[in-house]
$ cat data15.tsv   # TSV, C-alpha atoms
chain	number	residue	atom	x	y	z
A	190	MET	CA	3.72	-243.85	114.12
A	191	SER	CA	1.88	-241.48	116.29
A	192	ALA	CA	1.81	-237.79	115.38
A	193	PRO	CA	4.00	-235.64	117.54
A	194	THR	CA	2.08	-233.80	120.15
A	195	THR	CA	2.62	-230.11	120.48
A	196	THR	CA	2.26	-228.41	123.75
A	197	PRO	CA	0.34	-225.13	123.39
A	198	GLN	CA	2.41	-222.15	124.38
A	199	THR	CA	0.77	-219.55	126.53
A	200	ASP	CA	1.90	-215.96	126.53
A	201	THR	CA	2.87	-214.99	129.98
A	202	ALA	CA	2.48	-211.35	130.76
A	203	ARG	CA	5.72	-209.85	131.76
A	204	PRO	CA	5.64	-206.83	134.03
A	205	VAL	CA	6.79	-203.67	132.32
A	206	VAL	CA	9.59	-202.18	134.23
A	207	PRO	CA	9.70	-198.41	133.71
A	208	GLY	CA	13.00	-197.19	132.47
A	209	PRO	CA	14.96	-194.51	134.15
A	210	HIS	CA	13.55	-190.99	133.64
A	211	LYS	CA	15.85	-188.96	131.45
A	212	THR	CA	16.14	-185.32	132.41
A	213	PRO	CA	16.81	-182.91	129.51
A	214	ALA	CA	20.29	-181.60	129.33
A	215	PRO	CA	20.58	-177.99	130.46
A	216	LEU	CA	20.89	-175.43	127.70
A	217	SER	CA	24.19	-173.80	127.21
A	218	PRO	CA	24.38	-170.04	127.73
A	219	LYS	CA	25.02	-169.55	124.00
A	220	THR	CA	21.91	-171.56	122.98
A	221	ARG	CA	19.79	-169.75	125.57
A	222	ALA	CA	20.97	-166.37	124.24
A	223	VAL	CA	20.16	-167.39	120.66
A	224	ARG	CA	16.64	-168.45	121.62
A	225	LEU	CA	16.06	-165.27	123.58
A	226	ARG	CA	17.17	-163.15	120.62
A	227	ALA	CA	14.91	-165.12	118.28
A	228	ALA	CA	11.93	-164.68	120.62
A	229	GLY	CA	12.71	-160.99	121.03
A	230	GLY	CA	12.96	-160.50	117.26
A	231	THR	CA	9.62	-162.24	116.74
A	232	GLY	CA	8.01	-160.06	119.38
A	233	VAL	CA	9.39	-156.88	117.81
A	234	ARG	CA	8.08	-157.92	114.39
A	235	TYR	CA	4.59	-158.53	115.76
A	236	VAL	CA	4.61	-155.17	117.53
A	237	LEU	CA	5.65	-153.41	114.31
A	238	LEU	CA	2.96	-155.25	112.35
A	239	LEU	CA	0.40	-154.17	114.94
A	240	VAL	CA	1.53	-150.53	114.67
A	241	VAL	CA	1.32	-150.66	110.86
A	242	LEU	CA	-2.15	-152.23	111.11
A	243	VAL	CA	-3.38	-149.46	113.40
A	244	VAL	CA	-1.89	-146.71	111.22
A	245	THR	CA	-3.26	-148.08	107.93
A	246	VAL	CA	-6.57	-149.65	108.91
A	247	GLY	CA	-7.39	-147.35	111.83
A	248	PRO	CA	-8.50	-144.30	109.80
A	249	PHE	CA	-10.71	-146.44	107.57
A	250	LEU	CA	-12.43	-148.07	110.55
A	251	TRP	CA	-12.90	-144.65	112.17
A	252	GLN	CA	-14.53	-143.23	109.03
A	253	LEU	CA	-16.76	-146.28	108.72
A	254	SER	CA	-17.80	-145.97	112.34
A	255	THR	CA	-18.48	-142.25	111.95
A	256	SER	CA	-20.65	-142.82	108.88
A	257	LEU	CA	-22.83	-145.30	110.82
A	258	LYS	CA	-23.28	-143.24	114.01
A	259	GLY	CA	-26.62	-141.72	114.79
A	260	ALA	CA	-27.25	-138.01	115.13
A	261	GLY	CA	-27.12	-138.15	118.95
A	262	GLU	CA	-23.80	-140.00	119.19
A	263	SER	CA	-20.55	-138.13	119.70
A	264	VAL	CA	-17.96	-138.21	116.93
A	265	PHE	CA	-15.01	-136.56	118.70
A	266	GLY	CA	-15.78	-137.69	122.23
A	267	TYR	CA	-13.20	-139.03	124.69
A	268	PRO	CA	-12.60	-141.87	125.11
A	269	PRO	CA	-13.20	-142.53	121.41
A	270	GLN	CA	-16.14	-144.76	120.62
A	271	LEU	CA	-15.49	-147.05	117.67
A	272	LEU	CA	-18.68	-149.11	117.71
A	273	PRO	CA	-21.88	-147.05	117.23
A	274	HIS	CA	-24.72	-147.75	119.65
A	275	LYS	CA	-27.46	-147.43	117.02
A	276	PRO	CA	-26.01	-147.93	113.51
A	277	THR	CA	-27.89	-146.16	110.75
A	278	LEU	CA	-27.59	-145.71	106.98
A	279	ASP	CA	-29.39	-142.36	106.91
A	280	HIS	CA	-26.15	-140.46	106.30
A	281	TYR	CA	-25.53	-142.41	103.09
A	282	ALA	CA	-28.98	-141.42	101.87
A	283	SER	CA	-28.25	-137.80	102.80
A	284	ALA	CA	-25.01	-137.88	100.83
A	285	ALA	CA	-26.83	-139.32	97.80
A	286	ARG	CA	-29.51	-136.61	98.03
A	287	THR	CA	-26.96	-133.81	98.29
A	288	VAL	CA	-24.78	-134.69	95.29
A	289	PRO	CA	-25.49	-136.99	92.33
A	290	VAL	CA	-23.31	-139.77	93.71
A	291	PHE	CA	-24.26	-142.41	91.16
A	292	SER	CA	-23.65	-140.10	88.22
A	293	TYR	CA	-20.25	-139.12	89.55
A	294	ALA	CA	-19.45	-142.76	90.27
A	295	PHE	CA	-20.32	-143.65	86.68
A	296	HIS	CA	-17.93	-140.95	85.41
A	297	SER	CA	-15.18	-142.32	87.65
A	298	LEU	CA	-15.92	-145.82	86.41
A	299	LEU	CA	-15.59	-144.75	82.78
A	300	VAL	CA	-12.28	-143.01	83.42
A	301	SER	CA	-10.89	-145.86	85.53
A	302	VAL	CA	-11.86	-148.62	83.11
A	303	GLY	CA	-10.48	-146.58	80.20
A	304	CYS	CA	-7.17	-146.08	82.01
A	305	ALA	CA	-6.96	-149.77	82.87
A	306	VAL	CA	-7.53	-150.80	79.24
A	307	THR	CA	-5.09	-148.29	77.75
A	308	ASN	CA	-2.38	-149.10	80.29
A	309	CYS	CA	-2.69	-152.81	79.57
A	310	LEU	CA	-2.65	-152.23	75.80
A	311	PHE	CA	0.00	-149.55	75.35
A	312	GLY	CA	2.05	-150.65	78.35
A	313	SER	CA	2.29	-154.20	77.01
A	314	LEU	CA	3.25	-152.94	73.54
A	315	ALA	CA	6.00	-150.71	74.91
A	316	GLY	CA	7.15	-153.35	77.38
A	317	TYR	CA	7.39	-156.01	74.65
A	318	ALA	CA	9.34	-153.68	72.39
A	319	LEU	CA	11.82	-152.87	75.17
A	320	ALA	CA	12.21	-156.51	76.19
A	321	ARG	CA	12.29	-158.35	72.87
A	322	MET	CA	12.98	-155.99	69.98
A	323	GLU	CA	16.41	-154.67	69.03
A	324	PHE	CA	16.51	-151.04	67.90
A	325	ARG	CA	18.64	-147.97	68.37
A	326	GLY	CA	17.97	-145.93	71.46
A	327	ARG	CA	16.25	-148.74	73.35
A	328	ARG	CA	18.12	-148.01	76.56
A	329	ILE	CA	17.49	-144.29	76.20
A	330	ALA	CA	13.77	-144.90	75.70
A	331	PHE	CA	13.66	-147.14	78.75
A	332	GLY	CA	15.45	-144.47	80.80
A	333	ILE	CA	12.92	-141.86	79.69
A	334	PHE	CA	10.05	-144.10	80.74
A	335	LEU	CA	11.66	-144.59	84.14
A	336	ALA	CA	12.23	-140.85	84.49
A	337	THR	CA	8.49	-140.22	84.15
A	338	MET	CA	7.95	-142.20	87.36
A	339	ILE	CA	10.00	-139.79	89.49
A	340	ILE	CA	8.81	-136.49	87.98
A	341	PRO	CA	6.27	-134.84	90.32
A	342	PHE	CA	2.91	-134.24	88.72
A	343	GLU	CA	2.81	-130.69	90.07
A	344	SER	CA	5.84	-129.79	87.92
A	345	ILE	CA	4.09	-130.74	84.65
A	346	MET	CA	0.53	-129.92	85.66
A	347	VAL	CA	0.41	-126.55	83.90
A	348	SER	CA	1.86	-127.90	80.65
A	349	GLU	CA	-0.64	-130.76	80.63
A	350	PHE	CA	-3.50	-128.34	81.19
A	351	LEU	CA	-2.32	-126.18	78.28
A	352	MET	CA	-2.03	-129.27	76.10
A	353	MET	CA	-5.57	-130.36	76.92
A	354	ARG	CA	-6.82	-126.86	76.16
A	355	SER	CA	-5.03	-126.82	72.79
A	356	LEU	CA	-6.64	-130.17	71.97
A	357	HIS	CA	-10.06	-128.84	73.08
A	358	LEU	CA	-10.33	-131.61	75.67
A	359	ASN	CA	-10.87	-129.41	78.70
A	360	ASP	CA	-13.96	-130.26	80.73
A	361	THR	CA	-14.20	-133.73	79.18
A	362	LEU	CA	-13.67	-137.19	80.61
A	363	ILE	CA	-11.19	-137.92	77.81
A	364	GLY	CA	-9.12	-135.02	79.05
A	365	VAL	CA	-9.16	-136.57	82.52
A	366	MET	CA	-8.15	-139.99	81.21
A	367	LEU	CA	-5.49	-139.02	78.65
A	368	PRO	CA	-2.57	-138.15	81.03
A	369	LEU	CA	-3.11	-141.48	82.82
A	370	ALA	CA	-3.54	-143.56	79.67
A	371	THR	CA	-0.03	-145.03	79.96
A	372	THR	CA	2.37	-144.80	82.90
A	373	GLY	CA	6.01	-145.69	83.35
A	374	LEU	CA	5.07	-148.22	86.02
A	375	SER	CA	2.91	-150.19	83.59
A	376	ILE	CA	5.70	-150.28	81.02
A	377	LEU	CA	8.23	-151.37	83.64
A	378	LEU	CA	6.04	-154.22	84.91
A	379	PHE	CA	5.35	-155.54	81.43
A	380	ARG	CA	9.00	-155.28	80.40
A	381	ASN	CA	10.13	-157.30	83.41
A	382	ALA	CA	7.43	-159.89	82.77
A	383	PHE	CA	8.41	-160.29	79.11
A	384	LEU	CA	12.08	-160.57	80.04
A	385	GLY	CA	11.17	-163.53	82.25
A	386	LEU	CA	9.74	-165.51	79.33
A	387	PRO	CA	11.97	-168.18	77.74
A	388	ARG	CA	13.25	-167.11	74.37
A	389	GLU	CA	13.11	-170.68	73.00
A	390	ILE	CA	9.34	-170.49	72.58
A	391	GLU	CA	9.55	-167.35	70.47
A	392	GLU	CA	12.47	-168.73	68.48
A	393	ALA	CA	10.36	-171.76	67.61
A	394	ALA	CA	7.57	-169.42	66.53
A	395	VAL	CA	10.05	-167.54	64.30
A	396	LEU	CA	10.97	-170.82	62.60
A	397	ASP	CA	7.27	-171.39	61.98
A	398	GLY	CA	7.04	-168.01	60.25
A	399	ALA	CA	5.41	-165.96	63.02
A	400	GLY	CA	5.98	-162.21	62.85
A	401	GLU	CA	6.42	-159.72	65.67
A	402	TRP	CA	2.70	-159.04	66.03
A	403	GLN	CA	1.85	-162.73	66.08
A	404	ARG	CA	4.50	-163.50	68.70
A	405	TYR	CA	3.29	-160.61	70.83
A	406	ALA	CA	-0.43	-161.40	70.58
A	407	ARG	CA	-0.38	-165.21	70.59
A	408	ILE	CA	2.65	-166.09	72.74
A	409	ALA	CA	3.96	-163.24	74.88
A	410	LEU	CA	0.78	-161.49	76.03
A	411	PRO	CA	-1.17	-164.65	77.02
A	412	SER	CA	1.86	-165.77	79.07
A	413	VAL	CA	1.77	-162.69	81.35
A	414	ARG	CA	-1.90	-162.64	82.30
A	415	GLY	CA	-1.01	-162.15	85.95
A	416	THR	CA	0.99	-159.02	85.19
A	417	THR	CA	-1.86	-157.77	83.01
A	418	ALA	CA	-4.23	-158.15	85.96
A	419	VAL	CA	-1.83	-156.30	88.27
A	420	VAL	CA	-1.45	-153.41	85.81
A	421	ALA	CA	-5.22	-153.22	85.39
A	422	ILE	CA	-5.76	-153.08	89.16
A	423	PHE	CA	-3.10	-150.41	89.69
A	424	SER	CA	-4.38	-148.28	86.81
A	425	PHE	CA	-7.98	-148.55	87.96
A	426	VAL	CA	-7.15	-147.58	91.55
A	427	PHE	CA	-4.92	-144.65	90.56
A	428	ALA	CA	-7.54	-143.25	88.19
A	429	TRP	CA	-10.38	-143.74	90.68
A	430	ASP	CA	-8.48	-142.03	93.51
A	431	ASP	CA	-7.15	-139.14	91.43
A	432	PHE	CA	-8.43	-135.81	92.70
A	433	LEU	CA	-6.10	-133.00	91.66
A	434	TRP	CA	-6.11	-133.47	87.88
A	435	PRO	CA	-9.93	-133.88	87.51
A	436	LEU	CA	-10.37	-130.83	89.73
A	437	ILE	CA	-8.16	-128.80	87.38
A	438	VAL	CA	-9.40	-129.98	84.00
A	439	LEU	CA	-13.14	-130.21	84.80
A	440	SER	CA	-15.21	-127.06	85.25
A	441	ASP	CA	-18.81	-128.21	84.73
A	442	PRO	CA	-20.23	-129.97	87.83
A	443	ALA	CA	-22.19	-132.26	85.51
A	444	HIS	CA	-18.89	-133.84	84.40
A	445	TYR	CA	-17.30	-134.28	87.83
A	446	THR	CA	-15.84	-137.56	88.95
A	447	LEU	CA	-16.69	-139.01	92.34
A	448	THR	CA	-13.60	-137.78	94.19
A	449	VAL	CA	-14.24	-134.23	93.03
A	450	GLY	CA	-18.02	-134.34	93.52
A	451	ILE	CA	-18.00	-135.51	97.13
A	452	GLN	CA	-16.00	-132.46	98.18
A	453	TYR	CA	-19.30	-130.55	98.16
A	454	LEU	CA	-20.40	-132.60	101.15
A	455	SER	CA	-17.81	-130.83	103.26
A	456	GLY	CA	-19.09	-127.43	102.22
A	457	THR	CA	-22.77	-128.22	102.63
A	458	PHE	CA	-22.48	-130.19	105.87
A	459	THR	CA	-19.59	-128.42	107.54
A	460	ASN	CA	-20.61	-129.51	111.04
A	461	ASP	CA	-21.94	-132.96	110.14
A	462	GLN	CA	-18.90	-135.16	109.78
A	463	ARG	CA	-21.13	-138.22	109.56
A	464	VAL	CA	-22.33	-137.31	106.06
A	465	VAL	CA	-18.78	-136.49	104.96
A	466	ALA	CA	-17.64	-139.89	106.23
A	467	ALA	CA	-20.51	-141.56	104.38
A	468	GLY	CA	-19.43	-139.91	101.13
A	469	THR	CA	-15.86	-141.06	101.73
A	470	MET	CA	-17.05	-144.63	102.26
A	471	ILE	CA	-19.04	-144.50	99.02
A	472	ALA	CA	-15.81	-143.67	97.18
A	473	VAL	CA	-13.69	-146.30	98.99
A	474	ILE	CA	-15.97	-149.33	99.10
A	475	PRO	CA	-15.77	-150.08	95.31
A	476	LEU	CA	-11.97	-150.19	95.56
A	477	LEU	CA	-12.14	-152.63	98.47
A	478	LEU	CA	-14.51	-154.89	96.56
A	479	LEU	CA	-12.22	-154.79	93.53
A	480	PHE	CA	-9.15	-155.60	95.60
A	481	PHE	CA	-10.69	-158.47	97.56
A	482	GLY	CA	-12.15	-159.92	94.37
A	483	LEU	CA	-8.80	-159.89	92.52
A	484	GLN	CA	-6.32	-160.17	95.37
A	485	ARG	CA	-4.93	-163.52	94.23
A	486	TYR	CA	-3.95	-161.94	90.90
A	487	PHE	CA	-2.52	-158.96	92.75
A	488	PHE	CA	-0.17	-161.02	94.91
A	489	ARG	CA	0.79	-163.65	92.33
A	490	GLY	CA	0.74	-161.68	89.12
A	491	VAL	CA	3.92	-159.62	89.34
A	492	GLY	CA	6.19	-162.64	89.31
A	493	GLU	CA	4.24	-164.55	86.72
A	494	GLY	CA	6.06	-164.94	83.43
A	495	ALA	CA	6.38	-168.63	82.72
A	496	VAL	CA	4.73	-170.22	79.73
A	497	LYS	CA	2.21	-172.86	80.69
A	498	GLY	CA	2.21	-175.80	78.33
$ encode --input "data15.tsv" --output "structure tokens"
Amino acid sequence: MSAPTTTPQTDTARPVVPGPHKTPAPLSPKTRAVRLRAAGGTGVRYVLLLVVLVVTVGPFLWQLSTSLKGAGESVFGYPPQLLPHKPTLDHYASAARTVPVFSYAFHSLLVSVGCAVTNCLFGSLAGYALARMEFRGRRIAFGIFLATMIIPFESIMVSEFLMMRSLHLNDTLIGVMLPLATTGLSILLFRNAFLGLPREIEEAAVLDGAGEWQRYARIALPSVRGTTAVVAIFSFVFAWDDFLWPLIVLSDPAHYTLTVGIQYLSGTFTNDQRVVAAGTMIAVIPLLLLFFGLQRYFFRGVGEGAVKG
């Protein structure tokens, strides 16, 4: 028998016939109105964000530009000139020669770091007690802590000064740091973070024989590291920027902090706003470096409270 022969099949190219062009259906008046409102709302939000950006970042950029302008460039000219023609750092050197900037910055650093440490320590202790421990007057204590957040400092300024004088802490950096050692905001943040922790972990630790201190130090506090970073940043910035209280409690210029010390630039160089702006930048730049270095903890730390296994 002969093998069946197969006829090879050739693919014939078929012409592609274009289909009919479909025109999009016209939008209904209701859909068009919804899209117009959405576009208008987006545009309004961007305009508001631009206004907020100009209001918040504008003064900083103006001070930075003023501190870099040369002696022959106009500071208050019209139209305003943001970019200096010949940038110079001579005004920063003049500010450092006029006042002991580095010594004052070191004093501010001591006070700010001390406030950050004490707020993290005492704020976490108080926040853990309010969130996890049962005792009489817990709600009253929490209300008192919240009340301290809305009391103006000017109303208790005299009493705090008299207290520092009775403790012989006037004209000392400890006297500057003590009123800011623990704030109601730090206690509130830690309390909310501890409330977000699952109680099952601590209950298991209780069955294993762990006491209050062990549960606080080994379980609760390591679980809210983000909140600890946020409290540290807030405390550092508040203490670094504080001007009124150091001005009141400090009398010896050798003990001044940076915010108080740079005020002498305005008196010495009344007509040279470039040197004043340079001193302002010296006080602001460390805060910017701190914020940009720890911004991920700042934005993610407040809501952190879960235990990582």
$ residues_around --input "data15.tsv" --residues "Arg404 (chain A)" --least-positions-apart "5" --cutoff "8 Å" --atoms "only C-alpha atoms" --output "ChimeraX atom specification"
/A:391,394,399,409
$ residues_near_point --input "data15.tsv" --point "(-3.1, -134.9, 87.9)" --cutoff "8 Å" --atoms "all atoms listed in the file" --output "PyMOL selection string"
chain A and resi 342-343+346+368+431-435+437
$ closest_atom_pairs --input "data15.tsv" --of "region 342-454 of chain A" --to "region 481-485 of chain A" --cutoff "9 Å" --atoms "all atoms listed in the file" --output "JSON lines"
{"residue": "A:Ala418", "atom": "CA", "partner": "A:Leu483", "partner_atom": "CA", "distance": 8.2}
{"residue": "A:Val419", "atom": "CA", "partner": "A:Leu483", "partner_atom": "CA", "distance": 8.9}
{"residue": "A:Ile422", "atom": "CA", "partner": "A:Leu483", "partner_atom": "CA", "distance": 8.2}
$ write_last_selection --input "data15.tsv" --atoms "C-alpha atoms" --output "PDB file, in the frame of the given file"
ATOM      1  CA  ALA A 418      -4.230-158.150  85.960  1.00  0.00           C
ATOM      2  CA  VAL A 419      -1.830-156.300  88.270  1.00  0.00           C
ATOM      3  CA  ILE A 422      -5.760-153.080  89.160  1.00  0.00           C
TER       4      ILE A 422
END
$ residues_around --input "data15.tsv" --residues "region 439-455 of chain A" --least-positions-apart "6" --cutoff "12 Å" --atoms "all atoms listed in the file" --output "PDB file with C-alpha atoms, in the frame of the given file"
ATOM      1  CA  HIS A 280     -26.150-140.460 106.300  1.00  0.00           C
ATOM      2  CA  TYR A 281     -25.530-142.410 103.090  1.00  0.00           C
ATOM      3  CA  SER A 283     -28.250-137.800 102.800  1.00  0.00           C
ATOM      4  CA  ALA A 284     -25.010-137.880 100.830  1.00  0.00           C
ATOM      5  CA  ALA A 285     -26.830-139.320  97.800  1.00  0.00           C
ATOM      6  CA  ARG A 286     -29.510-136.610  98.030  1.00  0.00           C
ATOM      7  CA  THR A 287     -26.960-133.810  98.290  1.00  0.00           C
ATOM      8  CA  VAL A 288     -24.780-134.690  95.290  1.00  0.00           C
ATOM      9  CA  PRO A 289     -25.490-136.990  92.330  1.00  0.00           C
ATOM     10  CA  VAL A 290     -23.310-139.770  93.710  1.00  0.00           C
ATOM     11  CA  PHE A 291     -24.260-142.410  91.160  1.00  0.00           C
ATOM     12  CA  SER A 292     -23.650-140.100  88.220  1.00  0.00           C
ATOM     13  CA  TYR A 293     -20.250-139.120  89.550  1.00  0.00           C
ATOM     14  CA  ALA A 294     -19.450-142.760  90.270  1.00  0.00           C
ATOM     15  CA  PHE A 295     -20.320-143.650  86.680  1.00  0.00           C
ATOM     16  CA  HIS A 296     -17.930-140.950  85.410  1.00  0.00           C
ATOM     17  CA  SER A 297     -15.180-142.320  87.650  1.00  0.00           C
ATOM     18  CA  LEU A 298     -15.920-145.820  86.410  1.00  0.00           C
ATOM     19  CA  LEU A 299     -15.590-144.750  82.780  1.00  0.00           C
ATOM     20  CA  VAL A 300     -12.280-143.010  83.420  1.00  0.00           C
ATOM     21  CA  SER A 301     -10.890-145.860  85.530  1.00  0.00           C
ATOM     22  CA  PHE A 350      -3.500-128.340  81.190  1.00  0.00           C
ATOM     23  CA  MET A 353      -5.570-130.360  76.920  1.00  0.00           C
ATOM     24  CA  ARG A 354      -6.820-126.860  76.160  1.00  0.00           C
ATOM     25  CA  LEU A 358     -10.330-131.610  75.670  1.00  0.00           C
ATOM     26  CA  ASN A 359     -10.870-129.410  78.700  1.00  0.00           C
ATOM     27  CA  ASP A 360     -13.960-130.260  80.730  1.00  0.00           C
ATOM     28  CA  THR A 361     -14.200-133.730  79.180  1.00  0.00           C
ATOM     29  CA  LEU A 362     -13.670-137.190  80.610  1.00  0.00           C
ATOM     30  CA  ILE A 363     -11.190-137.920  77.810  1.00  0.00           C
ATOM     31  CA  GLY A 364      -9.120-135.020  79.050  1.00  0.00           C
ATOM     32  CA  VAL A 365      -9.160-136.570  82.520  1.00  0.00           C
ATOM     33  CA  MET A 366      -8.150-139.990  81.210  1.00  0.00           C
ATOM     34  CA  PHE A 427      -4.920-144.650  90.560  1.00  0.00           C
ATOM     35  CA  ALA A 428      -7.540-143.250  88.190  1.00  0.00           C
ATOM     36  CA  TRP A 429     -10.380-143.740  90.680  1.00  0.00           C
ATOM     37  CA  ASP A 430      -8.480-142.030  93.510  1.00  0.00           C
ATOM     38  CA  ASP A 431      -7.150-139.140  91.430  1.00  0.00           C
ATOM     39  CA  PHE A 432      -8.430-135.810  92.700  1.00  0.00           C
ATOM     40  CA  LEU A 433      -6.100-133.000  91.660  1.00  0.00           C
ATOM     41  CA  ASP A 461     -21.940-132.960 110.140  1.00  0.00           C
ATOM     42  CA  GLN A 462     -18.900-135.160 109.780  1.00  0.00           C
ATOM     43  CA  ARG A 463     -21.130-138.220 109.560  1.00  0.00           C
ATOM     44  CA  VAL A 464     -22.330-137.310 106.060  1.00  0.00           C
ATOM     45  CA  VAL A 465     -18.780-136.490 104.960  1.00  0.00           C
ATOM     46  CA  ALA A 466     -17.640-139.890 106.230  1.00  0.00           C
ATOM     47  CA  ALA A 467     -20.510-141.560 104.380  1.00  0.00           C
ATOM     48  CA  GLY A 468     -19.430-139.910 101.130  1.00  0.00           C
ATOM     49  CA  THR A 469     -15.860-141.060 101.730  1.00  0.00           C
ATOM     50  CA  MET A 470     -17.050-144.630 102.260  1.00  0.00           C
ATOM     51  CA  ILE A 471     -19.040-144.500  99.020  1.00  0.00           C
ATOM     52  CA  ALA A 472     -15.810-143.670  97.180  1.00  0.00           C
ATOM     53  CA  VAL A 473     -13.690-146.300  98.990  1.00  0.00           C
ATOM     54  CA  PRO A 475     -15.770-150.080  95.310  1.00  0.00           C
TER      55      PRO A 475
END
$ closest_residue --input "data15.tsv" --among "A:Ser313, A:Thr220, A:Gln252, A:Thr372" --to "Ile340 (chain A)" --atoms "all atoms listed in the file"
A:Thr372
$ decode --input "data15.tsv" --residues "region 256-269 of chain A" --atoms "N, CA, C and O atoms" --output "compact mmCIF listing (two decimals), in the first residue's frame"
# COMPACT_ATOMS: atom_id res chain seq x y z
N SER A 256 20.57 86.57 53.29
CA SER A 256 21.84 86.25 53.94
C SER A 256 22.96 86.01 52.94
O SER A 256 24.14 86.11 53.30
N LEU A 257 22.63 85.72 51.69
CA LEU A 257 23.65 85.45 50.67
C LEU A 257 23.93 86.63 49.76
O LEU A 257 24.83 86.55 48.92
N LYS A 258 23.18 87.72 49.90
CA LYS A 258 23.37 88.88 49.03
C LYS A 258 24.62 89.66 49.42
O LYS A 258 24.96 89.77 50.60
N GLY A 259 25.27 90.20 48.40
CA GLY A 259 26.43 91.03 48.65
C GLY A 259 26.07 92.38 49.20
O GLY A 259 24.90 92.78 49.26
N ALA A 260 27.11 93.13 49.60
CA ALA A 260 26.87 94.43 50.23
C ALA A 260 26.24 95.42 49.25
O ALA A 260 25.52 96.32 49.66
N GLY A 261 26.49 95.30 47.95
CA GLY A 261 25.96 96.25 47.00
C GLY A 261 24.58 95.90 46.46
O GLY A 261 24.01 96.68 45.70
N GLU A 262 24.02 94.78 46.85
CA GLU A 262 22.72 94.36 46.34
C GLU A 262 21.61 94.86 47.26
O GLU A 262 21.76 94.91 48.49
N SER A 263 20.50 95.22 46.67
CA SER A 263 19.38 95.77 47.42
C SER A 263 18.60 94.64 48.09
O SER A 263 18.37 93.58 47.51
N VAL A 264 18.19 94.91 49.33
CA VAL A 264 17.42 93.94 50.10
C VAL A 264 15.92 94.21 49.96
O VAL A 264 15.12 93.28 49.82
N PHE A 265 15.54 95.46 50.00
CA PHE A 265 14.12 95.84 49.96
C PHE A 265 13.74 96.51 48.64
O PHE A 265 12.84 97.33 48.59
N GLY A 266 14.46 96.18 47.58
CA GLY A 266 14.18 96.80 46.30
C GLY A 266 12.89 96.27 45.67
O GLY A 266 12.35 95.23 46.06
N TYR A 267 12.39 97.01 44.69
CA TYR A 267 11.19 96.58 43.95
C TYR A 267 11.49 96.63 42.46
O TYR A 267 12.03 97.65 41.97
N PRO A 268 11.21 95.57 41.73
CA PRO A 268 10.60 94.31 42.19
C PRO A 268 11.58 93.50 43.04
O PRO A 268 12.79 93.63 42.88
N PRO A 269 11.07 92.68 43.95
CA PRO A 269 11.97 91.93 44.84
C PRO A 269 12.86 90.97 44.06
O PRO A 269 12.44 90.35 43.08
